[in-house]
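Below you'll find the structure, written out as structure tokens, and then a few comments.
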Amino acid sequence: REDVFVDEMLRMVVGDDNYPGDTQTSPNWPGVRPGTRGINNALAAGRCDLSAFASVSPRPDVLWVRGADDQIVSDSSFLDFGTLGQLGYVPGWPGADVYPSQPMVAQMRAVLDQYQAAGGHYDEVVISESGHSPHIEQPEAFQQAFFAFLAGHGAASQDDSTVEQSAEVRHVQP
């Protein structure tokens with residue numbers, strides 16, 4: 001299975017028109033901002049606005065599965081200039097009041113909370129001992145959460161001892 005994953009990763013086209021995309025200069029720290037080409041720039045705040053998600057209709061149930069140890073989608077991602085600056089890896093960091101880490105998990109949860117407040121429902125499943133790819137790193141735990149969601153919109157079975165309920169978040173142990 002690892003060979004298949006590596007082969008697929010090697011097929012990725014890297015560059016300004018693909019991944020990660022181009023950058024433009026900025027007068028603000030760290031001196032760059034998203035450009036106009038490439039996949040990451042398509043998801044940049046100036047081009048991708050998901051704020052209407054909370055009012056989508058009809059409102060299907062949503063399953064959010066994430067790895068507990070994800071270093072990419074995180075409130076302190078190692079791909080975030082705010083985090084890197086705070087750690088001293090990018091010089092000249094102006095401080096958290098000017099350039100904080102992007103709280104990606106908190107932002108996602110805020111969008112889903114708005115969705116729920118508008119009448120939708122979501123389940124957040126956090127898989128331990130897993131990073132950015134819980135479906136690959138912990139396939140059994142992922143499949144358990146996924147198929148339970150499909151069967152009952154995320155409701156865990158009564159006899160499932162590997163799932164701990166904590167408010168709206170379930171932590172799954174592999």
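In the structure tokens, the first chain shown is A, the next is B, and so on; residue numbers restart at 1 for each chain, and ligands run from 1 in the order shown.
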
Neighbours of Trp93 of chain A within 12 Å (only C-alpha atoms; same-chain residues fewer than 6 positions away dropped), as a PDB file with C-alpha atoms, in the first residue's frame?
ATOM      1  CA  ASN A  28       3.431  43.294   5.412  1.00  0.00           C
ATOM      2  CA  TRP A  29       5.354  40.602   7.258  1.00  0.00           C
ATOM      3  CA  PRO A  30       6.451  38.058   6.049  1.00  0.00           C
ATOM      4  CA  GLY A  31       6.709  39.899   2.719  1.00  0.00           C
ATOM      5  CA  PHE A  81       3.941  31.675   8.855  1.00  0.00           C
ATOM      6  CA  GLY A  82       2.428  32.816  12.168  1.00  0.00           C
ATOM      7  CA  THR A  83       3.510  29.580  13.845  1.00  0.00           C
ATOM      8  CA  LEU A  84       6.885  29.522  12.103  1.00  0.00           C
ATOM      9  CA  GLY A  85       7.552  33.133  13.063  1.00  0.00           C
ATOM     10  CA  GLN A  86       6.591  32.504  16.682  1.00  0.00           C
ATOM     11  CA  LEU A  87       9.017  29.560  16.754  1.00  0.00           C
ATOM     12  CA  TYR A  99       0.402  37.911  12.923  1.00  0.00           C
ATOM     13  CA  PRO A 100      -0.995  35.068  15.043  1.00  0.00           C
ATOM     14  CA  SER A 101      -1.137  31.445  14.001  1.00  0.00           C
TER      15      SER A 101
END

- Who sits within 12 Å of Ala54 of chain A, only C-alpha atoms, same chain under 3 positions skipped, as a ChimeraX atom specification: /A:49-51,57-62,108-122

Would you list the contacts of Thr25 of chain A as a JSON list (two decimals) with N, CA, C and O atoms, in the first residue's frame, taking every protein, DNA or RNA residue within 9 Å and counting only C-alpha atoms, but skipping same-chain residues closer than 4 positions in sequence?
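After the write, out_4.json holds the following:
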[["chain", "number", "residue", "atom", "x", "y", "z"],
["A", 31, "GLY", "N", 6.25, 39.39, 4.01],
["A", 31, "GLY", "CA", 6.71, 39.90, 2.72],
["A", 31, "GLY", "C", 6.09, 39.19, 1.52],
["A", 31, "GLY", "O", 6.38, 39.54, 0.39],
["A", 32, "VAL", "N", 5.26, 38.19, 1.76],
["A", 32, "VAL", "CA", 4.58, 37.49, 0.67],
["A", 32, "VAL", "C", 3.10, 37.32, 1.01],
["A", 32, "VAL", "O", 2.72, 37.39, 2.18],
["A", 33, "ARG", "N", 2.32, 37.11, -0.02],
["A", 33, "ARG", "CA", 0.89, 36.82, 0.14],
["A", 33, "ARG", "C", 0.50, 35.85, -0.97],
["A", 33, "ARG", "O", 1.26, 35.61, -1.90],
["A", 34, "PRO", "N", -0.71, 35.29, -0.88],
["A", 34, "PRO", "CA", -1.12, 34.36, -1.93],
["A", 34, "PRO", "C", -1.11, 35.01, -3.30],
["A", 34, "PRO", "O", -1.42, 36.21, -3.44],
["A", 35, "GLY", "N", -0.77, 34.23, -4.28],
["A", 35, "GLY", "CA", -0.76, 34.71, -5.65],
["A", 35, "GLY", "C", -2.09, 34.48, -6.32],
["A", 35, "GLY", "O", -3.14, 34.41, -5.67]]

Residues at most 6 Å from segment 20-23 of chain A, counting only C-alpha atoms, excluding those fewer than 2 positions away in the same chain, as an mmCIF file with N, CA and C atoms, in the first residue's frame?
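And here is the file that came out, part_2.cif:
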data_model
loop_
_atom_site.group_PDB
_atom_site.id
_atom_site.type_symbol
_atom_site.label_atom_id
_atom_site.label_comp_id
_atom_site.auth_asym_id
_atom_site.auth_seq_id
_atom_site.Cartn_x
_atom_site.Cartn_y
_atom_site.Cartn_z
ATOM 1 N N GLY A 15 4.630 23.500 -8.735
ATOM 2 C CA GLY A 15 4.994 24.720 -9.424
ATOM 3 C C GLY A 15 3.957 25.808 -9.244
ATOM 4 N N ASP A 16 4.214 26.922 -9.874
ATOM 5 C CA ASP A 16 3.352 28.094 -9.721
ATOM 6 C C ASP A 16 1.923 27.854 -10.208
ATOM 7 N N ASP A 17 1.745 27.012 -11.219
ATOM 8 C CA ASP A 17 0.404 26.774 -11.763
ATOM 9 C C ASP A 17 -0.300 25.593 -11.095
ATOM 10 N N ASN A 18 0.370 24.901 -10.221
ATOM 11 C CA ASN A 18 -0.193 23.710 -9.608
ATOM 12 C C ASN A 18 -0.084 23.795 -8.093
ATOM 13 N N ARG A 33 2.316 37.107 -0.024
ATOM 14 C CA ARG A 33 0.891 36.822 0.137
ATOM 15 C C ARG A 33 0.496 35.848 -0.967
ATOM 16 N N PRO A 34 -0.709 35.289 -0.877
ATOM 17 C CA PRO A 34 -1.125 34.359 -1.926
ATOM 18 C C PRO A 34 -1.113 35.013 -3.295
ATOM 19 N N GLY A 35 -0.774 34.230 -4.275
ATOM 20 C CA GLY A 35 -0.759 34.713 -5.647
ATOM 21 C C GLY A 35 -2.094 34.476 -6.322
ATOM 22 N N ARG A 37 -2.381 31.936 -8.946
ATOM 23 C CA ARG A 37 -2.412 30.638 -9.622
ATOM 24 C C ARG A 37 -2.092 29.523 -8.622
ATOM 25 N N GLY A 38 -2.584 28.341 -8.906
ATOM 26 C CA GLY A 38 -2.273 27.180 -8.089
ATOM 27 C C GLY A 38 -3.369 26.834 -7.090
ATOM 28 N N ASN A 40 -3.367 26.008 -3.781
ATOM 29 C CA ASN A 40 -3.421 26.672 -2.477
ATOM 30 C C ASN A 40 -4.034 28.065 -2.588
#

- Task: Can you pull out every residue within 12 Å of Gly131 of chain A, counting only C-alpha atoms, but drop anything in the same chain fewer than 5 positions away, and send it as a list in words?
- Result: Val65, Arg66, Gly67, Ala68, Asp69, Asp70, Gln71, Ile72, Val73, Ser74, Ser77, Val126, Ile136, Glu137 and Gln138 of chain A

- Determine which residues of chain A receive a DSSP assignment of strand (DSSP E), computed from the backbone, and state them as a PyMOL selection string. chain A and resi 14-15+19-20+23-25+32-34+62-67+122-127+163-166+169-172

How would the residues just picked look written out with N, CA, C and O atoms as a compact mmCIF listing (two decimals), in the first residue's frame?
# COMPACT_ATOMS: atom_id res chain seq x y z
N VAL A 14 4.39 20.05 -9.25
CA VAL A 14 4.76 21.12 -8.34
C VAL A 14 5.14 22.35 -9.15
O VAL A 14 5.87 22.24 -10.14
N GLY A 15 4.63 23.50 -8.74
CA GLY A 15 4.99 24.72 -9.42
C GLY A 15 3.96 25.81 -9.24
O GLY A 15 2.94 25.62 -8.58
N TYR A 19 0.75 22.93 -7.51
CA TYR A 19 0.93 22.95 -6.06
C TYR A 19 2.33 23.46 -5.74
O TYR A 19 3.28 22.99 -6.35
N PRO A 20 2.51 24.39 -4.88
CA PRO A 20 1.52 25.04 -4.05
C PRO A 20 0.85 26.24 -4.73
O PRO A 20 -0.20 26.69 -4.29
N THR A 23 3.23 33.13 -5.51
CA THR A 23 3.07 34.11 -4.43
C THR A 23 3.26 35.50 -5.02
O THR A 23 3.81 35.66 -6.11
N GLN A 24 2.79 36.47 -4.28
CA GLN A 24 3.01 37.86 -4.63
C GLN A 24 3.69 38.54 -3.45
O GLN A 24 3.60 38.06 -2.32
N THR A 25 4.36 39.63 -3.72
CA THR A 25 5.00 40.35 -2.62
C THR A 25 3.96 41.13 -1.84
O THR A 25 2.89 41.46 -2.34
N VAL A 32 5.26 38.19 1.76
CA VAL A 32 4.58 37.49 0.67
C VAL A 32 3.10 37.32 1.01
O VAL A 32 2.72 37.39 2.18
N ARG A 33 2.32 37.11 -0.02
CA ARG A 33 0.89 36.82 0.14
C ARG A 33 0.50 35.85 -0.97
O ARG A 33 1.26 35.61 -1.90
N PRO A 34 -0.71 35.29 -0.88
CA PRO A 34 -1.12 34.36 -1.93
C PRO A 34 -1.11 35.01 -3.30
O PRO A 34 -1.42 36.21 -3.44
N VAL A 62 -23.15 16.32 8.68
CA VAL A 62 -21.76 16.46 8.29
C VAL A 62 -20.90 15.63 9.23
O VAL A 62 -21.09 15.66 10.45
N LEU A 63 -19.96 14.90 8.67
CA LEU A 63 -18.96 14.16 9.44
C LEU A 63 -17.61 14.82 9.21
O LEU A 63 -17.14 14.91 8.08
N TRP A 64 -17.00 15.29 10.30
CA TRP A 64 -15.66 15.88 10.23
C TRP A 64 -14.72 14.93 10.95
O TRP A 64 -14.77 14.78 12.17
N VAL A 65 -13.87 14.27 10.19
CA VAL A 65 -12.88 13.34 10.75
C VAL A 65 -11.53 14.00 10.63
O VAL A 65 -11.15 14.48 9.55
N ARG A 66 -10.79 14.03 11.73
CA ARG A 66 -9.45 14.62 11.69
C ARG A 66 -8.51 13.83 12.59
O ARG A 66 -8.95 13.15 13.52
N GLY A 67 -7.23 13.92 12.29
CA GLY A 67 -6.23 13.28 13.11
C GLY A 67 -5.87 14.15 14.30
O GLY A 67 -5.70 15.36 14.16
N TYR A 122 -23.61 18.18 12.92
CA TYR A 122 -22.31 17.63 12.55
C TYR A 122 -21.76 16.79 13.68
O TYR A 122 -22.11 16.96 14.84
N ASP A 123 -20.92 15.84 13.30
CA ASP A 123 -20.15 15.04 14.24
C ASP A 123 -18.69 15.29 13.97
O ASP A 123 -18.26 15.27 12.81
N GLU A 124 -17.92 15.55 15.00
CA GLU A 124 -16.47 15.71 14.90
C GLU A 124 -15.85 14.47 15.50
O GLU A 124 -16.08 14.16 16.67
N VAL A 125 -15.06 13.76 14.72
CA VAL A 125 -14.38 12.56 15.19
C VAL A 125 -12.88 12.82 15.12
O VAL A 125 -12.35 13.14 14.05
N VAL A 126 -12.21 12.71 16.25
CA VAL A 126 -10.77 12.94 16.33
C VAL A 126 -10.12 11.58 16.56
O VAL A 126 -10.37 10.93 17.57
N ILE A 127 -9.29 11.16 15.62
CA ILE A 127 -8.65 9.86 15.69
C ILE A 127 -7.25 10.03 16.25
O ILE A 127 -6.42 10.74 15.68
N VAL A 163 -15.09 4.22 21.62
CA VAL A 163 -15.49 5.60 21.37
C VAL A 163 -15.85 6.26 22.68
O VAL A 163 -16.60 5.73 23.48
N GLU A 164 -15.26 7.45 22.92
CA GLU A 164 -15.56 8.21 24.12
C GLU A 164 -16.33 9.45 23.70
O GLU A 164 -15.84 10.24 22.90
N GLN A 165 -17.53 9.64 24.22
CA GLN A 165 -18.31 10.83 23.91
C GLN A 165 -17.81 12.01 24.74
O GLN A 165 -17.61 11.88 25.93
N SER A 166 -17.60 13.15 24.10
CA SER A 166 -17.21 14.36 24.79
C SER A 166 -17.87 15.52 24.09
O SER A 166 -17.39 15.97 23.05
N VAL A 169 -17.78 16.08 20.28
CA VAL A 169 -16.57 15.50 19.72
C VAL A 169 -16.39 14.07 20.22
O VAL A 169 -16.49 13.82 21.42
N ARG A 170 -16.14 13.15 19.32
CA ARG A 170 -15.83 11.78 19.70
C ARG A 170 -14.35 11.56 19.45
O ARG A 170 -13.84 11.85 18.37
N HIS A 171 -13.66 11.02 20.44
CA HIS A 171 -12.25 10.66 20.29
C HIS A 171 -12.17 9.16 20.12
O HIS A 171 -12.60 8.42 20.98
N VAL A 172 -11.61 8.73 19.00
CA VAL A 172 -11.54 7.32 18.68
C VAL A 172 -10.12 6.83 18.89
O VAL A 172 -9.17 7.41 18.36

- Item | Interatomic distance (Å, one decimal) between atom CA of Pro103 of chain A and atom CA of Phe78 of chain A |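 These two atoms are separated by 12.0 Å.
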